[in-house]
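To be precise, the following lines are model-v6.pdb, and they hold PDB, C-alpha atoms.
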ATOM      1  CA  MET A   1       9.959  36.519-158.615
ATOM      2  CA  LYS A   2       6.798  38.283-157.502
ATOM      3  CA  ALA A   3       6.736  40.030-154.159
ATOM      4  CA  ILE A   4       5.645  37.861-151.244
ATOM      5  CA  THR A   5       3.819  39.496-148.336
ATOM      6  CA  THR A   6       3.116  37.807-145.000
ATOM      7  CA  ALA A   7      -0.287  36.588-146.183
ATOM      8  CA  SER A   8       0.895  35.374-149.572
ATOM      9  CA  LEU A   9       3.898  33.697-147.954
ATOM     10  CA  CYS A  10       1.426  31.727-145.866
ATOM     11  CA  LEU A  11      -0.462  30.700-149.008
ATOM     12  CA  THR A  12       2.821  29.832-150.742
ATOM     13  CA  LEU A  13       3.649  27.555-147.833
ATOM     14  CA  ILE A  14       0.175  26.070-147.600
ATOM     15  CA  THR A  15       0.078  25.128-151.269
ATOM     16  CA  GLN A  16       3.189  22.941-150.858
ATOM     17  CA  ALA A  17       2.090  19.234-150.686
ATOM     18  CA  ALA A  18      20.745  19.826-134.422
ATOM     19  CA  TYR A  19      21.028  19.188-130.082
ATOM     20  CA  VAL A  20      24.228  19.433-129.366
ATOM     21  CA  THR A  21      23.527  19.287-125.629
ATOM     22  CA  ALA A  22      25.735  19.607-122.616
ATOM     23  CA  ASP A  23      24.832  16.140-121.317
ATOM     24  CA  THR A  24      28.331  14.677-121.442
ATOM     25  CA  PRO A  25      29.162  13.330-117.969
ATOM     26  CA  ALA A  26      32.772  12.502-117.270
ATOM     27  CA  THR A  27      33.055   8.734-117.689
ATOM     28  CA  LYS A  28      35.656   6.423-119.081
ATOM     29  CA  ALA A  29      35.008   4.812-122.439
ATOM     30  CA  THR A  30      36.724   2.366-124.730
ATOM     31  CA  SER A  31      35.874   1.474-128.303
ATOM     32  CA  THR A  32      34.258  -1.704-129.561
ATOM     33  CA  LYS A  33      33.223  -2.620-133.070
ATOM     34  CA  GLY A  34      30.128  -0.582-133.816
ATOM     35  CA  THR A  35      29.308   0.534-130.266
ATOM     36  CA  THR A  36      30.715   2.521-127.390
ATOM     37  CA  GLN A  37      31.256   0.726-124.109
ATOM     38  CA  THR A  38      30.924   2.988-121.093
ATOM     39  CA  ILE A  39      32.679   2.145-117.830
ATOM     40  CA  THR A  40      31.691   4.140-114.767
ATOM     41  CA  SER A  41      33.020   4.263-111.251
ATOM     42  CA  GLU A  42      31.701   2.228-108.337
ATOM     43  CA  ASP A  43      29.386   5.130-107.492
ATOM     44  CA  GLU A  44      27.558   4.799-110.809
ATOM     45  CA  ASN A  45      24.539   7.058-111.200
ATOM     46  CA  PHE A  46      21.445   5.210-112.460
ATOM     47  CA  VAL A  47      20.447   8.059-114.815
ATOM     48  CA  PRO A  48      21.013   6.649-118.340
ATOM     49  CA  LYS A  49      23.578   8.089-120.734
ATOM     50  CA  PRO A  50      22.624   9.603-124.129
ATOM     51  CA  SER A  51      21.444   6.968-126.586
ATOM     52  CA  SER A  52      23.543   5.484-129.386
ATOM     53  CA  GLY A  53      20.480   5.176-131.616
ATOM     54  CA  HIS A  54      16.785   6.022-131.551
ATOM     55  CA  LEU A  55      13.434   6.112-133.317
ATOM     56  CA  ILE A  56      11.240   9.001-132.120
ATOM     57  CA  PHE A  57       7.756  10.043-133.199
ATOM     58  CA  THR A  58       6.153  13.295-131.957
ATOM     59  CA  TYR A  59       2.569  14.463-132.541
ATOM     60  CA  PHE A  60       1.420  18.013-131.766
ATOM     61  CA  ASP A  61      -2.018  19.486-131.076
ATOM     62  CA  LYS A  62      -3.499  21.939-133.551
ATOM     63  CA  SER A  63      -2.103  25.446-133.240
ATOM     64  CA  GLU A  64      -3.833  28.546-134.629
ATOM     65  CA  ILE A  65      -1.886  30.941-136.846
ATOM     66  CA  THR A  66      -2.780  34.150-135.041
ATOM     67  CA  ASN A  67      -1.484  36.930-137.311
ATOM     68  CA  ILE A  68      -3.427  36.209-140.542
ATOM     69  CA  PRO A  69      -6.843  37.980-140.750
ATOM     70  CA  SER A  70      -9.554  35.495-141.628
ATOM     71  CA  VAL A  71     -13.142  34.528-140.912
ATOM     72  CA  GLU A  72     -11.666  31.581-139.053
ATOM     73  CA  ALA A  73      -7.962  31.511-138.209
ATOM     74  CA  PRO A  74      -6.027  28.826-140.117
ATOM     75  CA  GLU A  75      -4.516  26.050-138.027
ATOM     76  CA  SER A  76      -1.252  24.132-138.164
ATOM     77  CA  VAL A  77      -0.374  20.634-136.969
ATOM     78  CA  GLN A  78       3.252  19.521-136.637
ATOM     79  CA  LEU A  79       4.496  15.925-136.887
ATOM     80  CA  ASP A  80       8.126  14.943-136.202
ATOM     81  CA  THR A  81       9.945  11.693-136.944
ATOM     82  CA  SER A  82      13.607  11.155-136.049
ATOM     83  CA  LEU A  83      15.870   8.187-136.764
ATOM     84  CA  LYS A  84      19.419   7.930-135.384
ATOM     85  CA  LEU A  85      21.730   5.000-136.142
ATOM     86  CA  PRO A  86      25.184   4.266-134.699
ATOM     87  CA  LEU A  87      27.812   3.853-137.432
ATOM     88  CA  GLY A  88      30.678   2.850-135.156
ATOM     89  CA  THR A  89      33.629   4.143-133.176
ATOM     90  CA  SER A  90      37.393   4.183-133.446
ATOM     91  CA  GLY A  91      40.200   4.917-131.006
ATOM     92  CA  GLU A  92      40.135   5.147-127.224
ATOM     93  CA  ILE A  93      39.062   7.940-124.899
ATOM     94  CA  ASP A  94      42.552   8.481-123.442
ATOM     95  CA  SER A  95      44.168   9.044-126.844
ATOM     96  CA  GLY A  96      41.078  10.250-128.729
ATOM     97  CA  LEU A  97      37.770   8.493-129.397
ATOM     98  CA  TRP A  98      35.823   9.035-132.644
ATOM     99  CA  VAL A  99      32.061   8.384-132.672
ATOM    100  CA  TYR A 100      30.037   8.259-135.918
ATOM    101  CA  ASN A 101      26.246   8.388-136.361
ATOM    102  CA  PHE A 102      23.619   8.776-139.065
ATOM    103  CA  VAL A 103      20.552  10.976-138.451
ATOM    104  CA  LEU A 104      17.398  11.345-140.570
ATOM    105  CA  LYS A 105      14.628  13.737-139.469
ATOM    106  CA  GLU A 106      11.315  14.612-141.061
ATOM    107  CA  ARG A 107       9.240  17.568-139.867
ATOM    108  CA  GLU A 108       5.793  17.831-141.427
ATOM    109  CA  PHE A 109       3.411  20.773-141.147
ATOM    110  CA  ARG A 110      -0.264  20.242-141.977
ATOM    111  CA  PHE A 111      -2.260  23.414-142.537
ATOM    112  CA  ASP A 112      -6.004  24.049-142.487
ATOM    113  CA  GLU A 113      -7.065  26.937-144.693
ATOM    114  CA  ALA A 114      -9.343  29.648-143.333
ATOM    115  CA  ALA A 115     -13.033  28.696-143.119
ATOM    116  CA  ALA A 116     -14.038  30.869-146.089
ATOM    117  CA  VAL A 117     -11.517  29.106-148.311
ATOM    118  CA  ARG A 118     -12.175  25.690-146.833
ATOM    119  CA  ARG A 119     -15.853  25.722-147.806
ATOM    120  CA  ASN A 120     -14.881  25.955-151.489
ATOM    121  CA  SER A 121     -11.994  23.486-151.449
ATOM    122  CA  ASP A 122     -11.851  19.720-151.510
ATOM    123  CA  ASP A 123      -8.307  19.773-150.049
ATOM    124  CA  ASN A 124      -8.706  20.913-146.457
ATOM    125  CA  HIS A 125      -5.294  19.738-145.233
ATOM    126  CA  LEU A 126      -2.239  20.939-147.146
ATOM    127  CA  LYS A 127       1.232  19.779-146.204
ATOM    128  CA  GLN A 128       4.854  20.867-146.138
ATOM    129  CA  ARG A 129       7.483  18.196-145.478
ATOM    130  CA  LEU A 130      10.986  19.217-144.420
ATOM    131  CA  TYR A 131      13.994  16.915-144.058
ATOM    132  CA  GLU A 132      17.312  16.914-142.263
ATOM    133  CA  ILE A 133      19.935  14.295-143.115
ATOM    134  CA  ASN A 134      23.331  14.469-141.446
ATOM    135  CA  VAL A 135      26.298  12.420-140.246
ATOM    136  CA  PRO A 136      27.386  13.640-136.801
ATOM    137  CA  ILE A 137      31.088  13.051-136.125
ATOM    138  CA  THR A 138      32.211  13.449-132.515
ATOM    139  CA  TYR A 139      35.761  13.429-131.145
ATOM    140  CA  LEU A 140      36.273  13.000-127.395
ATOM    141  CA  ILE A 141      39.523  13.065-125.451
ATOM    142  CA  GLN A 142      39.946  12.590-121.709
ATOM    143  CA  ASN A 143      42.203  15.080-119.918
ATOM    144  CA  ASP A 144      42.122  13.251-116.589
ATOM    145  CA  ASN A 145      39.595  11.326-114.503
ATOM    146  CA  ASN A 146      37.435  14.433-114.091
ATOM    147  CA  SER A 147      37.485  16.337-117.389
ATOM    148  CA  ARG A 148      37.321  15.920-121.156
ATOM    149  CA  TRP A 149      37.089  17.841-124.421
ATOM    150  CA  VAL A 150      34.289  17.154-126.913
ATOM    151  CA  PHE A 151      34.344  18.285-130.550
ATOM    152  CA  ASN A 152      31.433  17.721-132.920
ATOM    153  CA  VAL A 153      30.633  18.483-136.554
ATOM    154  CA  SER A 154      27.413  17.409-138.309
ATOM    155  CA  PRO A 155      27.528  17.965-142.079
ATOM    156  CA  GLY A 156      24.368  17.255-144.026
ATOM    157  CA  VAL A 157      21.318  18.478-145.925
ATOM    158  CA  LYS A 158      18.350  20.561-144.698
ATOM    159  CA  SER A 159      15.777  20.748-147.473
ATOM    160  CA  SER A 160      12.367  19.828-148.855
ATOM    161  CA  LEU A 161      14.418  17.379-151.004
ATOM    162  CA  GLU A 162      12.747  17.793-154.400
ATOM    163  CA  TYR A 163      16.281  18.609-155.571
ATOM    164  CA  ILE A 164      19.738  18.771-154.004
ATOM    165  CA  GLY A 165      21.880  21.868-154.541
ATOM    166  CA  ASN A 166      24.484  23.942-152.731
ATOM    167  CA  ASP A 167      21.800  25.869-150.845
ATOM    168  CA  ASP A 168      20.510  22.613-149.337
ATOM    169  CA  LEU A 169      23.836  21.867-147.645
ATOM    170  CA  ALA A 170      24.185  22.813-143.984
ATOM    171  CA  ALA A 171      26.219  21.902-140.919
ATOM    172  CA  ASN A 172      26.161  22.201-137.140
ATOM    173  CA  ALA A 173      29.340  22.230-135.045
ATOM    174  CA  ALA A 174      30.307  22.456-131.379
ATOM    175  CA  ILE A 175      33.282  22.517-129.029
ATOM    176  CA  GLN A 176      32.827  21.787-125.335
ATOM    177  CA  TYR A 177      34.901  21.353-122.179
ATOM    178  CA  THR A 178      33.383  19.169-119.447
ATOM    179  CA  SER A 179      34.557  18.816-115.857
ATOM    180  CA  SER A 180      33.037  17.005-112.885
ATOM    181  CA  VAL A 181      34.275  16.518-109.304
ATOM    182  CA  GLU A 182      32.376  14.809-106.471
ATOM    183  CA  GLY A 183      28.992  15.159-108.150
ATOM    184  CA  HIS A 184      29.372  18.803-109.178
ATOM    185  CA  GLY A 185      30.303  19.688-112.743
ATOM    186  CA  TYR A 186      30.203  22.292-115.451
ATOM    187  CA  ASN A 187      30.254  22.440-119.244
ATOM    188  CA  LEU A 188      31.597  25.383-121.242
ATOM    189  CA  GLY A 189      31.732  25.767-124.991
ATOM    190  CA  ALA A 190      30.161  27.170-128.130
ATOM    191  CA  ALA A 191      28.030  25.783-130.952
ATOM    192  CA  TYR A 192      26.929  26.797-134.406
ATOM    193  CA  THR A 193      23.378  25.484-134.583
ATOM    194  CA  HIS A 194      20.029  25.809-136.370
ATOM    195  CA  ARG A 195      18.023  24.963-133.236
ATOM    196  CA  PHE A 196      16.955  28.645-132.958
ATOM    197  CA  GLY A 197      15.909  29.005-136.611
ATOM    198  CA  GLU A 198      18.587  30.458-138.833
ATOM    199  CA  GLY A 199      22.126  29.238-138.183
ATOM    200  CA  LYS A 200      23.823  31.132-135.384
ATOM    201  CA  LEU A 201      26.711  30.851-132.918
ATOM    202  CA  VAL A 202      25.515  30.315-129.337
ATOM    203  CA  PRO A 203      27.275  29.637-126.022
ATOM    204  CA  LEU A 204      27.078  26.261-124.268
ATOM    205  CA  VAL A 205      27.034  26.858-120.520
ATOM    206  CA  ASN A 206      25.615  24.706-117.768
ATOM    207  CA  TYR A 207      26.021  23.414-114.238
ATOM    208  CA  SER A 208      25.450  19.739-113.457
ATOM    209  CA  TYR A 209      24.869  17.944-110.188
ATOM    210  CA  LYS A 210      24.496  14.268-109.297
ATOM    211  CA  SER A 211      23.172  13.191-105.919
ATOM    212  CA  GLY A 212      23.909   9.560-105.138
ATOM    213  CA  LYS A 213      22.647   7.000-107.627
ATOM    214  CA  TYR A 214      19.213   8.436-108.291
ATOM    215  CA  LEU A 215      19.266  12.155-109.146
ATOM    216  CA  SER A 216      20.877  14.219-111.912
ATOM    217  CA  VAL A 217      20.370  17.934-112.622
ATOM    218  CA  ILE A 218      21.589  19.972-115.606
ATOM    219  CA  LEU A 219      20.844  23.708-115.521
ATOM    220  CA  GLY A 220      22.007  26.090-118.216
ATOM    221  CA  PHE A 221      21.792  27.165-121.824
ATOM    222  CA  PRO A 222      20.569  25.956-124.243
ATOM    223  CA  TYR A 223      19.483  22.765-122.470
ATOM    224  CA  SER A 224      18.218  21.973-118.954
ATOM    225  CA  ARG A 225      17.035  18.669-117.481
ATOM    226  CA  LEU A 226      16.015  17.164-114.142
ATOM    227  CA  SER A 227      16.328  13.347-113.987
ATOM    228  CA  PHE A 228      15.292  10.778-111.371
ATOM    229  CA  ALA A 229      16.200   7.099-111.782
ATOM    230  CA  PRO A 230      15.021   4.921-108.857
ATOM    231  CA  THR A 231      16.634   1.874-110.500
ATOM    232  CA  ALA A 232      19.017   1.213-113.368
ATOM    233  CA  ARG A 233      16.001   0.294-115.538
ATOM    234  CA  GLN A 234      13.749   3.327-114.928
ATOM    235  CA  HIS A 235      14.183   7.015-115.769
ATOM    236  CA  TYR A 236      11.811   9.938-115.120
ATOM    237  CA  PHE A 237      12.651  13.444-116.298
ATOM    238  CA  ALA A 238      11.627  17.028-117.063
ATOM    239  CA  LYS A 239      13.479  19.059-119.688
ATOM    240  CA  LEU A 240      13.560  22.372-121.548
ATOM    241  CA  THR A 241      15.072  22.498-125.057
ATOM    242  CA  PRO A 242      15.124  24.679-128.200
ATOM    243  CA  GLU A 243      13.470  22.834-131.099
ATOM    244  CA  GLY A 244      13.607  25.169-134.092
ATOM    245  CA  GLY A 245      15.178  24.579-137.490
ATOM    246  CA  SER A 246      16.014  25.955-140.916
ATOM    247  CA  TRP A 247      15.418  24.400-144.349
ATOM    248  CA  HIS A 248      15.792  25.322-148.025
ATOM    249  CA  VAL A 249      12.420  24.792-149.765
ATOM    250  CA  TYR A 250      11.507  24.487-153.444
ATOM    251  CA  ASN A 251       8.272  26.371-154.115
ATOM    252  CA  GLN A 252       5.771  23.710-155.276
ATOM    253  CA  GLY A 253       8.753  21.661-156.452
ATOM    254  CA  ASP A 254       9.993  24.463-158.734
ATOM    255  CA  LYS A 255      13.785  24.279-158.946
ATOM    256  CA  ASP A 256      14.028  27.951-159.949
ATOM    257  CA  GLU A 257      11.783  29.353-157.205
ATOM    258  CA  THR A 258      12.916  28.737-153.642
ATOM    259  CA  PHE A 259      12.641  30.190-150.166
ATOM    260  CA  ASP A 260      14.149  29.613-146.716
ATOM    261  CA  PHE A 261      11.809  28.147-144.100
ATOM    262  CA  GLU A 262      12.816  28.887-140.492
ATOM    263  CA  GLN A 263      11.114  27.805-137.284
ATOM    264  CA  GLN A 264      11.606  29.110-133.758
ATOM    265  CA  ALA A 265      10.194  27.046-130.886
ATOM    266  CA  PHE A 266      10.961  25.749-127.393
ATOM    267  CA  ARG A 267       9.684  22.624-125.664
ATOM    268  CA  PHE A 268       9.073  21.896-122.001
ATOM    269  CA  GLY A 269       8.064  18.349-121.201
ATOM    270  CA  PHE A 270       7.880  15.492-118.710
ATOM    271  CA  GLY A 271       8.720  11.917-119.629
ATOM    272  CA  ALA A 272       9.587   8.394-118.566
ATOM    273  CA  GLU A 273      11.810   5.665-120.021
ATOM    274  CA  PHE A 274      12.068   1.981-119.174
ATOM    275  CA  ASN A 275      14.674  -0.620-120.083
ATOM    276  CA  ALA A 276      12.572  -3.128-122.032
ATOM    277  CA  PHE A 277      15.211  -5.632-123.159
ATOM    278  CA  ARG A 278      19.002  -5.478-123.027
ATOM    279  CA  ALA A 279      20.010  -2.274-124.868
ATOM    280  CA  LEU A 280      16.418  -1.311-125.806
ATOM    281  CA  TRP A 281      14.666   1.475-123.889
ATOM    282  CA  LEU A 282      11.035   2.468-124.522
ATOM    283  CA  GLY A 283       9.573   5.763-123.387
ATOM    284  CA  ALA A 284       7.013   8.525-123.683
ATOM    285  CA  GLU A 285       7.070  12.281-123.163
ATOM    286  CA  ALA A 286       4.365  14.951-123.050
ATOM    287  CA  GLY A 287       4.514  18.709-122.733
ATOM    288  CA  MET A 288       4.113  22.070-124.437
ATOM    289  CA  GLN A 289       5.816  23.690-127.425
ATOM    290  CA  PHE A 290       5.807  27.487-127.113
ATOM    291  CA  GLY A 291       7.368  30.643-128.557
ATOM    292  CA  GLN A 292       6.482  29.372-132.030
ATOM    293  CA  GLU A 293       7.171  31.371-135.180
ATOM    294  CA  LEU A 294       7.580  30.357-138.812
ATOM    295  CA  GLU A 295       9.569  32.683-141.069
ATOM    296  CA  LEU A 296       9.690  32.427-144.867
ATOM    297  CA  ASP A 297      12.363  34.379-146.711
ATOM    298  CA  ASN A 298      12.381  34.370-150.518
ATOM    299  CA  GLU A 299      15.303  34.992-152.876
ATOM    300  CA  SER A 300      14.404  38.685-153.119
ATOM    301  CA  GLY A 301      14.957  39.122-149.385
ATOM    302  CA  GLU A 302      11.254  39.553-148.591
ATOM    303  CA  ARG A 303      10.229  37.909-145.362
ATOM    304  CA  GLY A 304       6.902  36.869-143.882
ATOM    305  CA  THR A 305       6.297  35.683-140.319
ATOM    306  CA  LEU A 306       3.569  33.339-139.087
ATOM    307  CA  GLU A 307       2.882  33.424-135.345
ATOM    308  CA  LEU A 308       1.501  30.217-133.836
ATOM    309  CA  GLU A 309      -0.240  29.532-130.548
ATOM    310  CA  ASP A 310       1.359  27.199-128.025
ATOM    311  CA  SER A 311       0.623  23.518-128.680
ATOM    312  CA  GLY A 312       0.769  20.383-126.574
ATOM    313  CA  TYR A 313       2.696  17.357-127.799
ATOM    314  CA  LEU A 314       3.045  13.629-127.193
ATOM    315  CA  GLN A 315       6.270  11.812-128.009
ATOM    316  CA  LEU A 316       6.966   8.069-128.223
ATOM    317  CA  THR A 317      10.573   6.820-128.177
ATOM    318  CA  ALA A 318      12.607   3.679-128.722
ATOM    319  CA  LYS A 319      16.304   4.077-127.872
ATOM    320  CA  LEU A 320      19.451   1.967-127.914
ATOM    321  CA  ARG A 321      21.937   2.298-125.059
ATOM    322  CA  PHE A 322      24.962   0.038-125.149
ATOM    323  CA  ARG A 323      26.994  -0.440-121.992
TER     324      ARG A 323
END

As a first step, turn the structure in this file into structure tokens.
Amino acid sequence: MKAITTASLCLTLITQAAYVTADTPATKATSTKGTTQTITSEDENFVPKPSSGHLIFTYFDKSEITNIPSVEAPESVQLDTSLKLPLGTSGEIDSGLWVYNFVLKEREFRFDEAAAVRRNSDDNHLKQRLYEINVPITYLIQNDNNSRWVFNVSPGVKSSLEYIGNDDLAANAAIQYTSSVEGHGYNLGAAYTHRFGEGKLVPLVNYSYKSGKYLSVILGFPYSRLSFAPTARQHYFAKLTPEGGSWHVYNQGDKDETFDFEQQAFRFGFGAEFNAFRALWLGAEAGMQFGQELELDNESGERGTLELEDSGYLQLTAKLRFR
């Protein structure tokens, strides 16, 4: 394979047409067919639990690629779509509860070529689509009324999906201990994740606090969130999360020429959710994605890095929460 420099890696890309989080409050749960029923104490906090299923669409502003010399810097636009479906549960929390889901994510990058190239090209917007398909399997067991263990493994595929091979297979995994007493809690654990680009082992550490029925705070790494729920049907929040990824890409669909595509990015945003009908919640979120880098690493070990400006985003959500 020919050598790929930073600039040519960008052109190679342009010519192509998991959060484990610490948000696991100590509640009691029993299994039902296909859903998880959550039973809380009399002092139930109105802040909603993580969703059983969702459909999420996120649009990002244009972001200039700053480290490629050009008459006019090329720009990138990111589009995200995420679908999560509940596949069911088995067991009970006291003796061990299994939770199964299906997740499909598409991340699309649309690139504008530099102005000098664009004037001589009919195709001004060139695309790279990346996919993540996995089946998260979570095992929870309650130690007592205040603590639990959570184990998760998410085997799947991270690829451009022209073909499926061994290099397209990937997995995230996590182990976490959660404890909460009188509104104060902590979560300790470790995760192997691709949220920071290439797969790496990271700690899971946070402090959580609930004040009455309306306020919930999670501060730590890699996820922090401030939530306010004035009623059981409204939720307002601010959050900070890592949102990178890693995929195996076939160069212009060529099975014999591949490279690894890695993204590093963080998001800070504000949002609101409302209970529209029974288990259905609708919401929106807006904020900034920052610390953005794209790294392309070919089979010869040559790596190119694209540095992107910060970009604003708007996210629309539909979520299922069964009680």

Counting all atoms listed in the file, find the residues whose atoms lie at most 12 Å from (-2.3, 25.2, -132.3) (file coordinates) and write them out as a ChimeraX atom specification. /A:59-66,73-78,109-112,288-293,307-313

If you measure from CA of Glu162 in chain A to CA of Leu294 in chain A, what distance in Å do you get, rounded to one decimal?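 These two atoms are separated by 20.7 Å.
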
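CA of Gly244 in chain A sits 13.3 Å away from CA of Phe268 in chain A.
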
Padded axis-aligned box of range 169-184 of chain A (4 Å per side), centre and edge lengths, Å, one decimal, as AutoDock Vina command-line options:
--center_x 29.4 --center_y 18.8 --center_z -127.1 --size_x 19.1 --size_y 16.0 --size_z 49.2

Once the PyMOL selection byres ((chain A and resi 270) around 10) has been applied to the shown file, what residues remain in the selection, as a PDB file with C-alpha atoms, in the coordinates of the input?
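Wrote selection-v6.pdb, looks like this:
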ATOM      1  CA  ARG A 225      17.035  18.669-117.481  1.00  0.00           C
ATOM      2  CA  LEU A 226      16.015  17.164-114.142  1.00  0.00           C
ATOM      3  CA  SER A 227      16.328  13.347-113.987  1.00  0.00           C
ATOM      4  CA  TYR A 236      11.811   9.938-115.120  1.00  0.00           C
ATOM      5  CA  PHE A 237      12.651  13.444-116.298  1.00  0.00           C
ATOM      6  CA  ALA A 238      11.627  17.028-117.063  1.00  0.00           C
ATOM      7  CA  LYS A 239      13.479  19.059-119.688  1.00  0.00           C
ATOM      8  CA  LEU A 240      13.560  22.372-121.548  1.00  0.00           C
ATOM      9  CA  PHE A 268       9.073  21.896-122.001  1.00  0.00           C
ATOM     10  CA  GLY A 269       8.064  18.349-121.201  1.00  0.00           C
ATOM     11  CA  GLY A 271       8.720  11.917-119.629  1.00  0.00           C
ATOM     12  CA  ALA A 272       9.587   8.394-118.566  1.00  0.00           C
ATOM     13  CA  ALA A 284       7.013   8.525-123.683  1.00  0.00           C
ATOM     14  CA  GLU A 285       7.070  12.281-123.163  1.00  0.00           C
ATOM     15  CA  ALA A 286       4.365  14.951-123.050  1.00  0.00           C
ATOM     16  CA  GLY A 287       4.514  18.709-122.733  1.00  0.00           C
ATOM     17  CA  MET A 288       4.113  22.070-124.437  1.00  0.00           C
ATOM     18  CA  LEU A 314       3.045  13.629-127.193  1.00  0.00           C
TER      19      LEU A 314
END

Quick check on the file I pasted: which residues fall under the PyMOL selection byres ((chain A and resi 93) around 6)? Write them as a PyMOL selection string. chain A and resi 29+92+94-97+141-142

Give as a compact mmCIF listing (two decimals) with C-alpha atoms, keeping the file's coordinate frame the residues that the PyMOL selection byres ((chain A and resi 320-322) around 10) matches when applied to the coordinates above.
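Result file follows (expr.txt):
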# COMPACT_ATOMS: atom_id res chain seq x y z
CA THR A 35 29.31 0.53 -130.27
CA THR A 36 30.72 2.52 -127.39
CA GLN A 37 31.26 0.73 -124.11
CA THR A 38 30.92 2.99 -121.09
CA PRO A 48 21.01 6.65 -118.34
CA LYS A 49 23.58 8.09 -120.73
CA PRO A 50 22.62 9.60 -124.13
CA SER A 51 21.44 6.97 -126.59
CA SER A 52 23.54 5.48 -129.39
CA GLY A 53 20.48 5.18 -131.62
CA HIS A 54 16.78 6.02 -131.55
CA LEU A 55 13.43 6.11 -133.32
CA LYS A 84 19.42 7.93 -135.38
CA LEU A 85 21.73 5.00 -136.14
CA PRO A 86 25.18 4.27 -134.70
CA ASN A 275 14.67 -0.62 -120.08
CA PHE A 277 15.21 -5.63 -123.16
CA ARG A 278 19.00 -5.48 -123.03
CA ALA A 279 20.01 -2.27 -124.87
CA LEU A 280 16.42 -1.31 -125.81
CA TRP A 281 14.67 1.48 -123.89
CA LEU A 282 11.04 2.47 -124.52
CA ALA A 318 12.61 3.68 -128.72
CA LYS A 319 16.30 4.08 -127.87
CA ARG A 323 26.99 -0.44 -121.99

Excluding Ala170 in chain A and any residue of its chain fewer than 5 positions from it, enumerate the residues within 7 Å of it, using only C-alpha atoms, and give them as a PyMOL selection string. chain A and resi 155-158

Go ahead and compute the interatomic distance for CA of Trp98 in chain A and CA of Trp149 in chain A, in Å to one decimal.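 Between CA of Trp98 in chain A and CA of Trp149 in chain A the gap works out to 12.1 Å.
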
Could you make a table, as JSON lines, of the residues of range 126-206 of chain A that have an atom within 12 Å of an atom of range 251-255 of chain A, each with its nearest atom pair and distance in Å to one decimal, counting all atoms listed in the file, in chain and number order?
{"residue": "A:Leu126", "atom": "CA", "partner": "A:Gln252", "partner_atom": "CA", "distance": 11.7}
{"residue": "A:Lys127", "atom": "CA", "partner": "A:Gln252", "partner_atom": "CA", "distance": 10.9}
{"residue": "A:Gln128", "atom": "CA", "partner": "A:Gln252", "partner_atom": "CA", "distance": 9.6}
{"residue": "A:Arg129", "atom": "CA", "partner": "A:Gln252", "partner_atom": "CA", "distance": 11.4}
{"residue": "A:Ser159", "atom": "CA", "partner": "A:Gly253", "partner_atom": "CA", "distance": 11.4}
{"residue": "A:Ser160", "atom": "CA", "partner": "A:Gly253", "partner_atom": "CA", "distance": 8.6}
{"residue": "A:Leu161", "atom": "CA", "partner": "A:Gly253", "partner_atom": "CA", "distance": 9.0}
{"residue": "A:Glu162", "atom": "CA", "partner": "A:Gly253", "partner_atom": "CA", "distance": 5.9}
{"residue": "A:Tyr163", "atom": "CA", "partner": "A:Lys255", "partner_atom": "CA", "distance": 7.1}
{"residue": "A:Ile164", "atom": "CA", "partner": "A:Lys255", "partner_atom": "CA", "distance": 9.5}
{"residue": "A:Gly165", "atom": "CA", "partner": "A:Lys255", "partner_atom": "CA", "distance": 9.5}
{"residue": "A:Asp167", "atom": "CA", "partner": "A:Lys255", "partner_atom": "CA", "distance": 11.5}
{"residue": "A:Asp168", "atom": "CA", "partner": "A:Lys255", "partner_atom": "CA", "distance": 11.8}

Give me a file of those residues, with C-alpha atoms, as an mmCIF file, keeping the file's coordinate frame.
data_model
loop_
_atom_site.group_PDB
_atom_site.id
_atom_site.type_symbol
_atom_site.label_atom_id
_atom_site.label_comp_id
_atom_site.auth_asym_id
_atom_site.auth_seq_id
_atom_site.Cartn_x
_atom_site.Cartn_y
_atom_site.Cartn_z
ATOM 1 C CA LEU A 126 -2.239 20.939 -147.146
ATOM 2 C CA LYS A 127 1.232 19.779 -146.204
ATOM 3 C CA GLN A 128 4.854 20.867 -146.138
ATOM 4 C CA ARG A 129 7.483 18.196 -145.478
ATOM 5 C CA SER A 159 15.777 20.748 -147.473
ATOM 6 C CA SER A 160 12.367 19.828 -148.855
ATOM 7 C CA LEU A 161 14.418 17.379 -151.004
ATOM 8 C CA GLU A 162 12.747 17.793 -154.400
ATOM 9 C CA TYR A 163 16.281 18.609 -155.571
ATOM 10 C CA ILE A 164 19.738 18.771 -154.004
ATOM 11 C CA GLY A 165 21.880 21.868 -154.541
ATOM 12 C CA ASP A 167 21.800 25.869 -150.845
ATOM 13 C CA ASP A 168 20.510 22.613 -149.337
#

Return the single residue from A:Ile56, A:Val150, A:Ala229, A:Val135 that is closest to Arg107 in chain A, with distances computed using only C-alpha atoms.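 Smallest separation from Arg107 in chain A among the options: A:Ile56.
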
Residue list as a count of residues only for point (31.2, 21.5, -119.4), cut-off 8 Å, all atoms listed in the file: 15

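With distances restricted to all atoms listed in the file, A:Asp260 is the closest residue to Gly304 in chain A from A:Asp260, A:Ser147, A:Ala265, A:Asp80.
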
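Distances to Leu83 in chain A were evaluated for A:Phe228, A:Tyr100, A:Phe57, A:Phe266 using only C-alpha atoms, and the minimum falls at A:Phe57.
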
All residues 8 Å or closer to Gly197 in chain A, only C-alpha atoms, same chain fewer than 2 positions away omitted, as a ChimeraX atom specification: /A:194-195,199,244-246,262-264

Give the answer as one residue: which of A:Glu132, A:Lys200, A:Gly183, A:Thr241 has the shortest atom-to-atom distance to Lys213 in chain A, using only C-alpha atoms?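 For Lys213 in chain A, the nearest of the given residues is A:Gly183.
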